[in-house]
file final.txt (compact mmCIF, C-alpha atoms)
# COMPACT_ATOMS: atom_id res chain seq x y z
CA MET A 1 0.00 0.00 0.00
CA ASP A 2 1.35 3.43 -0.94
CA THR A 3 0.54 5.52 2.13
CA ALA A 4 1.23 8.88 0.47
CA ALA A 5 -1.07 8.07 -2.45
CA ASP A 6 -3.81 6.92 -0.06
CA VAL A 7 -3.55 10.19 1.90
CA GLU A 8 -3.54 12.54 -1.10
CA ALA A 9 -6.98 13.87 -1.97
CA ARG A 10 -8.79 16.82 -3.46
CA LEU A 11 -12.39 16.80 -2.27
CA PRO A 12 -15.14 19.24 -3.22
CA ILE A 13 -17.09 20.96 -0.47
CA ARG A 14 -20.50 21.83 -1.90
CA SER A 15 -22.99 20.12 0.42
CA ASP A 16 -23.45 18.65 3.88
CA MET A 17 -22.69 15.23 2.41
CA ASP A 18 -19.31 16.51 1.27
CA LEU A 19 -18.57 17.42 4.91
CA VAL A 20 -19.06 13.75 5.78
CA TRP A 21 -16.59 12.71 3.03
CA VAL A 22 -14.03 15.23 4.32
CA ARG A 23 -14.28 13.91 7.89
CA GLN A 24 -14.02 10.28 6.72
CA HIS A 25 -11.01 10.97 4.53
CA VAL A 26 -9.17 12.88 7.27
CA ARG A 27 -9.82 10.09 9.79
CA GLN A 28 -8.56 7.40 7.38
CA ALA A 29 -5.52 9.44 6.28
CA ALA A 30 -4.53 10.19 9.88
CA ALA A 31 -4.82 6.50 10.81
CA LEU A 32 -2.70 5.48 7.80
CA LEU A 33 0.02 7.92 8.84
CA GLY A 34 0.13 6.52 12.37
CA PHE A 35 -1.72 9.19 14.34
CA GLY A 36 -3.14 8.00 17.66
CA LEU A 37 -6.87 8.13 18.32
CA VAL A 38 -6.73 11.43 20.22
CA ASP A 39 -4.80 13.17 17.44
CA GLN A 40 -7.10 11.65 14.82
CA THR A 41 -10.08 13.10 16.69
CA LYS A 42 -8.46 16.53 16.94
CA LEU A 43 -7.72 16.55 13.22
CA VAL A 44 -11.21 15.42 12.28
CA THR A 45 -12.72 18.07 14.56
CA ALA A 46 -10.56 20.83 13.05
CA ALA A 47 -11.28 19.60 9.51
CA SER A 48 -15.00 19.45 10.19
CA GLU A 49 -15.04 23.05 11.43
CA LEU A 50 -12.94 24.34 8.54
CA ALA A 51 -14.96 22.42 5.95
CA ARG A 52 -18.21 23.79 7.39
CA ASN A 53 -16.78 27.32 7.27
CA THR A 54 -15.80 26.72 3.64
CA LEU A 55 -19.35 25.67 2.83
CA VAL A 56 -21.35 28.13 4.94
CA HIS A 57 -19.23 31.28 4.81
CA GLY A 58 -17.28 30.70 1.59
CA GLY A 59 -20.14 29.35 -0.50
CA GLY A 60 -18.31 26.06 -1.05
CA GLY A 61 -14.83 25.19 -2.18
CA ARG A 62 -12.46 22.29 -1.69
CA MET A 63 -10.14 20.49 0.70
CA GLU A 64 -6.77 19.17 -0.35
CA ALA A 65 -5.01 16.62 1.84
CA SER A 66 -1.34 15.76 1.53
CA HIS A 67 1.29 13.70 3.30
CA VAL A 68 4.24 15.85 4.33
CA THR A 69 7.54 14.85 5.92
CA THR A 70 10.11 16.92 7.79
CA THR A 71 13.81 16.69 6.94
CA GLY A 72 14.06 14.62 10.12
CA GLY A 73 11.60 12.07 8.77
CA ILE A 74 8.55 13.02 10.85
CA ASP A 75 5.29 12.40 8.99
CA GLY A 76 2.47 14.90 8.96
CA LEU A 77 -0.90 15.55 7.42
CA ARG A 78 -1.49 18.91 5.71
CA LEU A 79 -5.05 20.00 4.97
CA THR A 80 -5.82 23.03 2.81
CA PHE A 81 -9.34 24.45 2.67
CA SER A 82 -10.02 27.07 0.01
CA ASP A 83 -13.01 28.96 -1.30
CA SER A 84 -13.75 31.92 -3.55
CA GLY A 85 -16.20 33.50 -1.12
CA PRO A 86 -16.35 36.99 0.37
CA GLY A 87 -13.20 36.58 2.48
CA ILE A 88 -12.74 37.44 6.14
CA PRO A 89 -12.91 41.21 6.76
CA ASP A 90 -11.25 41.14 10.22
CA LEU A 91 -9.04 38.07 10.59
CA ASP A 92 -7.79 38.92 14.09
CA ARG A 93 -11.37 39.21 15.31
CA ALA A 94 -12.40 36.01 13.52
CA LEU A 95 -9.59 34.10 15.27
CA SER A 96 -10.59 35.34 18.73
CA ASP A 97 -12.63 33.16 21.05
CA GLY A 98 -16.30 33.99 21.23
CA TYR A 99 -16.48 35.67 17.82
CA THR A 100 -19.16 34.37 15.52
CA SER A 101 -20.41 35.70 12.22
CA GLY A 102 -23.45 33.46 12.45
CA GLY A 103 -25.41 31.79 15.21
CA GLY A 104 -22.62 29.46 16.33
CA LEU A 105 -20.64 29.31 19.55
CA GLY A 106 -17.68 31.26 18.19
CA MET A 107 -15.19 28.40 18.51
CA GLY A 108 -14.54 28.09 14.74
CA LEU A 109 -11.18 29.32 13.49
CA GLY A 110 -9.65 29.82 16.94
CA GLY A 111 -10.75 26.37 18.05
CA ALA A 112 -9.41 24.75 14.89
CA ARG A 113 -6.10 26.58 15.37
CA ARG A 114 -5.72 25.10 18.87
CA LEU A 115 -6.28 21.55 17.58
CA VAL A 116 -3.36 21.49 15.09
CA HIS A 117 0.37 22.20 15.18
CA ASP A 118 0.64 24.65 12.28
CA PHE A 119 -2.13 27.01 11.17
CA ALA A 120 -2.15 29.69 8.47
CA VAL A 121 -4.95 31.77 6.93
CA ASP A 122 -4.84 33.81 3.75
CA SER A 123 -7.94 35.92 3.28
CA ALA A 124 -9.03 39.36 2.22
CA PRO A 125 -12.45 40.86 1.64
CA GLY A 126 -13.71 39.89 -1.81
CA SER A 127 -10.92 37.43 -2.59
CA GLY A 128 -11.83 34.20 -0.82
CA THR A 129 -10.10 32.34 1.97
CA THR A 130 -7.45 29.64 2.20
CA VAL A 131 -6.76 27.92 5.51
CA ARG A 132 -3.78 25.54 5.73
CA VAL A 133 -3.28 23.30 8.76
CA THR A 134 -0.63 20.69 9.49
CA THR A 135 -0.30 18.21 12.32
CA TRP A 136 2.75 16.04 12.89
CA VAL A 137 2.76 12.44 14.11
CA SER A 138 4.05 12.08 17.67
CA ARG A 139 4.82 15.77 18.08
CA PRO A 140 3.75 17.27 21.41
CA PRO A 141 0.92 19.80 21.12
CA ARG A 142 1.60 23.50 20.94
CA PRO A 143 1.28 25.21 24.34
CA ARG A 144 -2.04 26.89 24.92
CA GLU A 145 -2.06 30.62 24.40
CA GLY A 146 -2.58 32.83 27.42
CA VAL A 147 -1.65 30.12 29.94

call {"tool": "encode", "arguments": {"input": "final.txt", "output": "structure tokens"}}
result
Amino acid sequence: MDTAADVEARLPIRSDMDLVWVRQHVRQAAALLGFGLVDQTKLVTAASELARNTLVHGGGGRMEASHVTTTGGIDGLRLTFSDSGPGIPDLDRALSDGYTSGGGLGMGLGGARRLVHDFAVDSAPGSGTTVRVTTWVSRPPRPREGV
């Protein structure tokens, strides 16, 4: 079995059913790469939130999954969510706890950021949003902010 080929994917996000496919693929890819159950759950939770944001706020888009490896040989899973929606007008505010642009709990982007090792957002009003997250196998979690 070619693990890298089994992890690689480009999935559309156009409906609630697509959110299910995203979650299933992330769970399977993380398991193939050797992530433990807790890290699999964190990744699936972050992916679910980011995919929903792509659908609800970005009008749909896609998720790309890829197997990445450090120069030291540590495996990771990189997920990229992109849309051509309205963009995020105030990224700092959107990343803060408690902020919501809809009727949710406001745990979206900030919560997803806390569940992964590396997190980057590229967004501007009118030009869509790309969120890229990476988690590494057997790497200790990033310290919580403000603690």

call {"tool": "closest_residue", "arguments": {"input": "final.txt", "among": "A:Asp18, A:Phe81, A:Ala5, A:Gly110", "to": "Asn53 of chain A", "atoms": "all atoms listed in the file"}}
result
A:Phe81

call {"tool": "closest_residue", "arguments": {"input": "final.txt", "among": "A:Thr135, A:Thr54, A:Gln28, A:Ser48", "to": "Gly87 of chain A", "atoms": "all atoms listed in the file"}}
result
A:Thr54

call {"tool": "residues_around", "arguments": {"input": "final.txt", "residues": "Gly61 of chain A", "least_positions_apart": "4", "cutoff": "8 Å", "atoms": "only C-alpha atoms", "output": "tab-separated table (two decimals) with C-alpha atoms, in the coordinates of the input"}}
result
chain	number	residue	atom	x	y	z
A	12	PRO	CA	-15.14	19.24	-3.22
A	13	ILE	CA	-17.09	20.96	-0.47
A	14	ARG	CA	-20.50	21.83	-1.90
A	54	THR	CA	-15.80	26.72	3.64
A	55	LEU	CA	-19.35	25.67	2.83
A	81	PHE	CA	-9.34	24.45	2.67
A	82	SER	CA	-10.02	27.07	0.01
A	83	ASP	CA	-13.01	28.96	-1.30
A	84	SER	CA	-13.75	31.92	-3.55

call {"tool": "atom_distance", "arguments": {"input": "final.txt", "atom1": "atom CA of Gly111 of chain A", "atom2": "atom CA of Thr45 of chain A"}}
result
9.2 Å

call {"tool": "atom_distance", "arguments": {"input": "final.txt", "atom1": "atom CA of Glu64 of chain A", "atom2": "atom CA of Arg78 of chain A"}}
result
8.0 Å

call {"tool": "atom_distance", "arguments": {"input": "final.txt", "atom1": "atom CA of Val7 of chain A", "atom2": "atom CA of Ala65 of chain A"}}
result
6.6 Å

call {"tool": "closest_residue", "arguments": {"input": "final.txt", "among": "A:Val116, A:Arg62, A:Leu50, A:Ser127", "to": "Pro86 of chain A", "atoms": "only C-alpha atoms"}}
result
A:Ser127

call {"tool": "closest_residue", "arguments": {"input": "final.txt", "among": "A:Lys42, A:Arg93, A:His117, A:His25", "to": "Ser66 of chain A", "atoms": "only C-alpha atoms"}}
result
A:His25

call {"tool": "residues_around", "arguments": {"input": "final.txt", "residues": "Leu37 of chain A", "least_positions_apart": "4", "cutoff": "12 Å", "atoms": "only C-alpha atoms", "output": "list of chain:residue names"}}
result
A:Arg27, A:Gln28, A:Ala30, A:Ala31, A:Leu32, A:Leu33, A:Thr41, A:Lys42, A:Leu43, A:Val44, A:Val137, A:Ser138

call {"tool": "closest_residue", "arguments": {"input": "final.txt", "among": "A:Val68, A:Ser15, A:Val121, A:Arg52", "to": "Gly108 of chain A", "atoms": "only C-alpha atoms"}}
result
A:Arg52
